[in-house]
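Q: Just dropping this structure here.
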Amino acid sequence: MRVIVEHAELTVVAGRERDFEAVFEKAREVLAEADGFRWIELLRCEERPGTFLLLVGWESVEAHTVGFRESERFQRWRALVGPFFAEPPSVEHFRLLGDRFAG
């Protein structure tokens, strides 16, 4: 199965990181309802605690950029997480080149 990975760097307003993490629990449920959604991961940077890395698996770039972003789900998603952003997220899409190697 083909998977496209959305790579989004999120910068959260200083002092609001824990609140963002709590709200994210609700926000990921909104994402999970989207057509073409496969999986989601959220990581927090050790060196820059206000920076988060959001990884979302999609069946295609269009599933994210058109199907999700042009839907009412995106409005709900943004209403939940948007108030925490110190700046607009940086978003790129990557294609998996093979299975994850665990050694």
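Letters A, B, ... go to the chains of the structure tokens in the order shown; residues in each chain start at 1; ligands are counted from 1 in the same order.
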Write out as a list in words which residues come within 7 Å of segment 45-55 of chain A when counting only C-alpha atoms, dropping same-chain ones fewer than 4 positions away.
A: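 In the requested form, the answer reads Val5, Glu6, His7, Ala8, Glu9, Leu10, Thr11, Val12, Val13, Ala14, Glu17, Ile40 and Glu41 of chain A.
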Q: Could you take the residues named above and write them with C-alpha atoms, as a PDB file, in the first residue's frame?
A:
ATOM      1  CA  VAL A   5       3.807  11.111   4.908  1.00  0.00           C
ATOM      2  CA  GLU A   6       2.871  14.665   5.789  1.00  0.00           C
ATOM      3  CA  HIS A   7       5.763  16.223   7.736  1.00  0.00           C
ATOM      4  CA  ALA A   8       4.580  19.316   9.626  1.00  0.00           C
ATOM      5  CA  GLU A   9       6.755  21.301  11.992  1.00  0.00           C
ATOM      6  CA  LEU A  10       4.563  23.067  14.531  1.00  0.00           C
ATOM      7  CA  THR A  11       5.794  25.901  16.736  1.00  0.00           C
ATOM      8  CA  VAL A  12       3.591  26.327  19.793  1.00  0.00           C
ATOM      9  CA  VAL A  13       3.323  29.537  21.823  1.00  0.00           C
ATOM     10  CA  ALA A  14       5.722  29.370  24.785  1.00  0.00           C
ATOM     11  CA  GLU A  17       2.797  23.275  25.181  1.00  0.00           C
ATOM     12  CA  ILE A  40      -0.703   9.879  12.916  1.00  0.00           C
ATOM     13  CA  GLU A  41       2.268  10.542  15.223  1.00  0.00           C
TER      14      GLU A  41
END
Q: Which residues, written as a list of chain:residue names, have at least one atom at most 9 Å from Leu96 of chain A, with only C-alpha atoms counted and residues fewer than 2 positions away on the same chain left out?
A: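 So, after excluding close chain neighbours, the residues are A:Arg2, A:Val3, A:Ile4, A:Val5, A:Phe94, A:Gly98, A:Asp99, A:Arg100.
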Q: Take the residues from that selection and put them in a file with N, CA and C atoms, as an mmCIF file, in the first residue's frame.
A:
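Written file, selection02.cif:
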data_model
loop_
_atom_site.group_PDB
_atom_site.id
_atom_site.type_symbol
_atom_site.label_atom_id
_atom_site.label_comp_id
_atom_site.auth_asym_id
_atom_site.auth_seq_id
_atom_site.Cartn_x
_atom_site.Cartn_y
_atom_site.Cartn_z
ATOM 1 N N ARG A 2 0.589 2.161 -0.870
ATOM 2 C CA ARG A 2 1.334 3.412 -0.981
ATOM 3 C C ARG A 2 0.933 4.351 0.164
ATOM 4 N N VAL A 3 1.924 4.975 0.769
ATOM 5 C CA VAL A 3 1.658 5.934 1.838
ATOM 6 C C VAL A 3 2.492 7.183 1.584
ATOM 7 N N ILE A 4 1.835 8.320 1.696
ATOM 8 C CA ILE A 4 2.506 9.616 1.664
ATOM 9 C C ILE A 4 2.528 10.126 3.102
ATOM 10 N N VAL A 5 3.684 10.627 3.534
ATOM 11 C CA VAL A 5 3.807 11.111 4.908
ATOM 12 C C VAL A 5 3.855 12.637 4.904
ATOM 13 N N PHE A 94 6.276 13.467 1.998
ATOM 14 C CA PHE A 94 7.329 12.510 1.669
ATOM 15 C C PHE A 94 6.715 11.178 1.273
ATOM 16 N N GLY A 98 10.454 2.273 1.507
ATOM 17 C CA GLY A 98 10.545 0.870 1.910
ATOM 18 C C GLY A 98 9.949 0.705 3.288
ATOM 19 N N ASP A 99 10.010 -0.509 3.779
ATOM 20 C CA ASP A 99 9.487 -0.794 5.112
ATOM 21 C C ASP A 99 10.402 -0.196 6.176
ATOM 22 N N ARG A 100 9.836 0.109 7.319
ATOM 23 C CA ARG A 100 10.611 0.592 8.461
ATOM 24 C C ARG A 100 11.551 -0.526 8.923
#
Q: Please report, as a ChimeraX atom specification, each residue of chain A to which DSSP assigns strand (DSSP E or B) when run on this structure's backbone.
A: /A:4-12,37-44,51-58,85,90-95
Q: For those residues, write C-alpha atoms to a file as a PDB file, in the first residue's frame.
A:
ATOM      1  CA  ILE A   4       2.506   9.616   1.664  1.00  0.00           C
ATOM      2  CA  VAL A   5       3.807  11.111   4.908  1.00  0.00           C
ATOM      3  CA  GLU A   6       2.871  14.665   5.789  1.00  0.00           C
ATOM      4  CA  HIS A   7       5.763  16.223   7.736  1.00  0.00           C
ATOM      5  CA  ALA A   8       4.580  19.316   9.626  1.00  0.00           C
ATOM      6  CA  GLU A   9       6.755  21.301  11.992  1.00  0.00           C
ATOM      7  CA  LEU A  10       4.563  23.067  14.531  1.00  0.00           C
ATOM      8  CA  THR A  11       5.794  25.901  16.736  1.00  0.00           C
ATOM      9  CA  VAL A  12       3.591  26.327  19.793  1.00  0.00           C
ATOM     10  CA  PHE A  37      -6.090   9.041   6.470  1.00  0.00           C
ATOM     11  CA  ARG A  38      -3.804   6.142   7.502  1.00  0.00           C
ATOM     12  CA  TRP A  39      -2.030   7.006  10.793  1.00  0.00           C
ATOM     13  CA  ILE A  40      -0.703   9.879  12.916  1.00  0.00           C
ATOM     14  CA  GLU A  41       2.268  10.542  15.223  1.00  0.00           C
ATOM     15  CA  LEU A  42       3.172  13.626  17.261  1.00  0.00           C
ATOM     16  CA  LEU A  43       6.712  14.135  18.568  1.00  0.00           C
ATOM     17  CA  ARG A  44       8.053  16.905  20.797  1.00  0.00           C
ATOM     18  CA  THR A  51       8.514  22.645  18.553  1.00  0.00           C
ATOM     19  CA  PHE A  52       6.499  19.578  17.594  1.00  0.00           C
ATOM     20  CA  LEU A  53       6.798  17.267  14.619  1.00  0.00           C
ATOM     21  CA  LEU A  54       3.500  16.006  13.251  1.00  0.00           C
ATOM     22  CA  LEU A  55       3.675  12.998  10.950  1.00  0.00           C
ATOM     23  CA  VAL A  56       0.491  11.897   9.204  1.00  0.00           C
ATOM     24  CA  GLY A  57       0.178   8.980   6.807  1.00  0.00           C
ATOM     25  CA  TRP A  58      -2.124   9.635   3.838  1.00  0.00           C
ATOM     26  CA  PHE A  85       0.534  28.078  16.846  1.00  0.00           C
ATOM     27  CA  SER A  90       5.863  24.258   7.801  1.00  0.00           C
ATOM     28  CA  VAL A  91       4.394  21.335   5.808  1.00  0.00           C
ATOM     29  CA  GLU A  92       5.974  18.975   3.274  1.00  0.00           C
ATOM     30  CA  HIS A  93       5.048  15.551   1.896  1.00  0.00           C
ATOM     31  CA  PHE A  94       7.329  12.510   1.669  1.00  0.00           C
ATOM     32  CA  ARG A  95       6.966   9.144  -0.032  1.00  0.00           C
TER      33      ARG A  95
END
Q: Could you work out how far atom CA of Val81 of chain A lies from atom CA of Gly15 of chain A, giving the answer in Å with one decimal?
A: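 These two atoms are separated by 14.7 Å.
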Q: Can you pull out every residue within 9 Å of Arg73 of chain A, counting only C-alpha atoms, but drop anything in the same chain fewer than 3 positions away, and send it as a short mmCIF file (atom, residue, chain, number, x, y, z; two decimals) with all heavy atoms, in the first residue's frame?
A:
data_model
loop_
_atom_site.label_atom_id
_atom_site.label_comp_id
_atom_site.auth_asym_id
_atom_site.auth_seq_id
_atom_site.Cartn_x
_atom_site.Cartn_y
_atom_site.Cartn_z
N VAL A 30 -10.38 14.10 14.89
CA VAL A 30 -10.92 14.79 13.70
C VAL A 30 -10.15 14.35 12.47
O VAL A 30 -10.74 14.03 11.43
CB VAL A 30 -10.87 16.32 13.88
CG1 VAL A 30 -11.29 17.03 12.60
CG2 VAL A 30 -11.73 16.76 15.06
N LEU A 31 -8.83 14.32 12.56
CA LEU A 31 -8.00 13.87 11.43
C LEU A 31 -8.32 12.44 11.05
O LEU A 31 -8.37 12.11 9.87
CB LEU A 31 -6.52 13.96 11.81
CG LEU A 31 -5.74 15.16 11.34
CD1 LEU A 31 -4.33 15.11 11.88
CD2 LEU A 31 -5.72 15.27 9.85
N GLU A 33 -10.95 10.90 10.98
CA GLU A 33 -12.20 10.77 10.23
C GLU A 33 -12.02 11.07 8.73
O GLU A 33 -12.90 10.79 7.94
CB GLU A 33 -13.24 11.76 10.77
CG GLU A 33 -13.66 11.51 12.20
CD GLU A 33 -14.52 12.65 12.74
OE1 GLU A 33 -14.82 13.60 12.00
OE2 GLU A 33 -14.87 12.57 13.93
N ALA A 34 -10.89 11.65 8.36
CA ALA A 34 -10.68 12.10 6.98
C ALA A 34 -10.50 10.93 6.02
O ALA A 34 -9.85 9.93 6.34
CB ALA A 34 -9.46 13.02 6.90
N PHE A 68 -8.77 16.66 2.63
CA PHE A 68 -8.86 17.11 4.02
C PHE A 68 -8.89 18.63 4.12
O PHE A 68 -9.79 19.19 4.75
CB PHE A 68 -7.70 16.56 4.85
CG PHE A 68 -7.71 17.04 6.27
CD1 PHE A 68 -8.74 16.71 7.13
CD2 PHE A 68 -6.68 17.84 6.75
CE1 PHE A 68 -8.76 17.17 8.44
CE2 PHE A 68 -6.68 18.29 8.06
CZ PHE A 68 -7.72 17.96 8.90
N ARG A 69 -7.94 19.30 3.51
CA ARG A 69 -7.85 20.76 3.68
C ARG A 69 -9.05 21.51 3.14
O ARG A 69 -9.33 22.61 3.59
CB ARG A 69 -6.58 21.29 3.02
CG ARG A 69 -5.36 21.04 3.87
CD ARG A 69 -4.25 21.94 3.45
NE ARG A 69 -3.03 21.65 4.18
CZ ARG A 69 -1.84 22.00 3.75
NH1 ARG A 69 -1.71 22.64 2.61
NH2 ARG A 69 -0.78 21.74 4.46
N GLU A 70 -9.76 20.95 2.18
CA GLU A 70 -10.94 21.62 1.63
C GLU A 70 -12.23 21.14 2.28
O GLU A 70 -13.31 21.44 1.80
CB GLU A 70 -10.98 21.45 0.12
CG GLU A 70 -9.84 22.17 -0.58
CD GLU A 70 -9.88 22.05 -2.10
OE1 GLU A 70 -10.87 21.52 -2.64
OE2 GLU A 70 -8.91 22.51 -2.74
N ARG A 76 -12.54 22.27 11.64
CA ARG A 76 -12.63 21.79 13.04
C ARG A 76 -11.23 21.55 13.60
O ARG A 76 -10.94 21.92 14.75
CB ARG A 76 -13.45 20.51 13.13
CG ARG A 76 -14.92 20.71 12.87
CD ARG A 76 -15.75 19.48 13.15
NE ARG A 76 -14.97 18.26 13.09
CZ ARG A 76 -15.49 17.05 12.89
NH1 ARG A 76 -16.77 16.89 12.74
NH2 ARG A 76 -14.73 15.98 12.84
N TRP A 77 -10.37 20.93 12.81
CA TRP A 77 -8.97 20.67 13.22
C TRP A 77 -8.27 21.98 13.57
O TRP A 77 -7.68 22.13 14.62
CB TRP A 77 -8.26 19.93 12.08
CG TRP A 77 -6.77 20.04 12.07
CD1 TRP A 77 -6.02 20.91 11.35
CD2 TRP A 77 -5.83 19.26 12.82
NE1 TRP A 77 -4.69 20.71 11.60
CE2 TRP A 77 -4.54 19.71 12.49
CE3 TRP A 77 -5.97 18.21 13.73
CZ2 TRP A 77 -3.39 19.15 13.05
CZ3 TRP A 77 -4.83 17.66 14.29
CH2 TRP A 77 -3.56 18.13 13.94
N ARG A 78 -8.39 22.94 12.65
CA ARG A 78 -7.69 24.22 12.82
C ARG A 78 -8.25 25.00 14.00
O ARG A 78 -7.51 25.69 14.71
CB ARG A 78 -7.81 25.02 11.52
CG ARG A 78 -6.78 26.08 11.34
CD ARG A 78 -5.39 25.49 11.46
NE ARG A 78 -4.44 26.57 11.35
CZ ARG A 78 -3.35 26.55 10.63
NH1 ARG A 78 -3.03 25.48 9.94
NH2 ARG A 78 -2.56 27.58 10.59
#
Q: So that I can check the secondary structure, give me every residue of segment 25-72 of chain A assigned helix (DSSP H, G or I) by backbone DSSP, as a ChimeraX atom specification.
A: /A:25-32,61-68,72
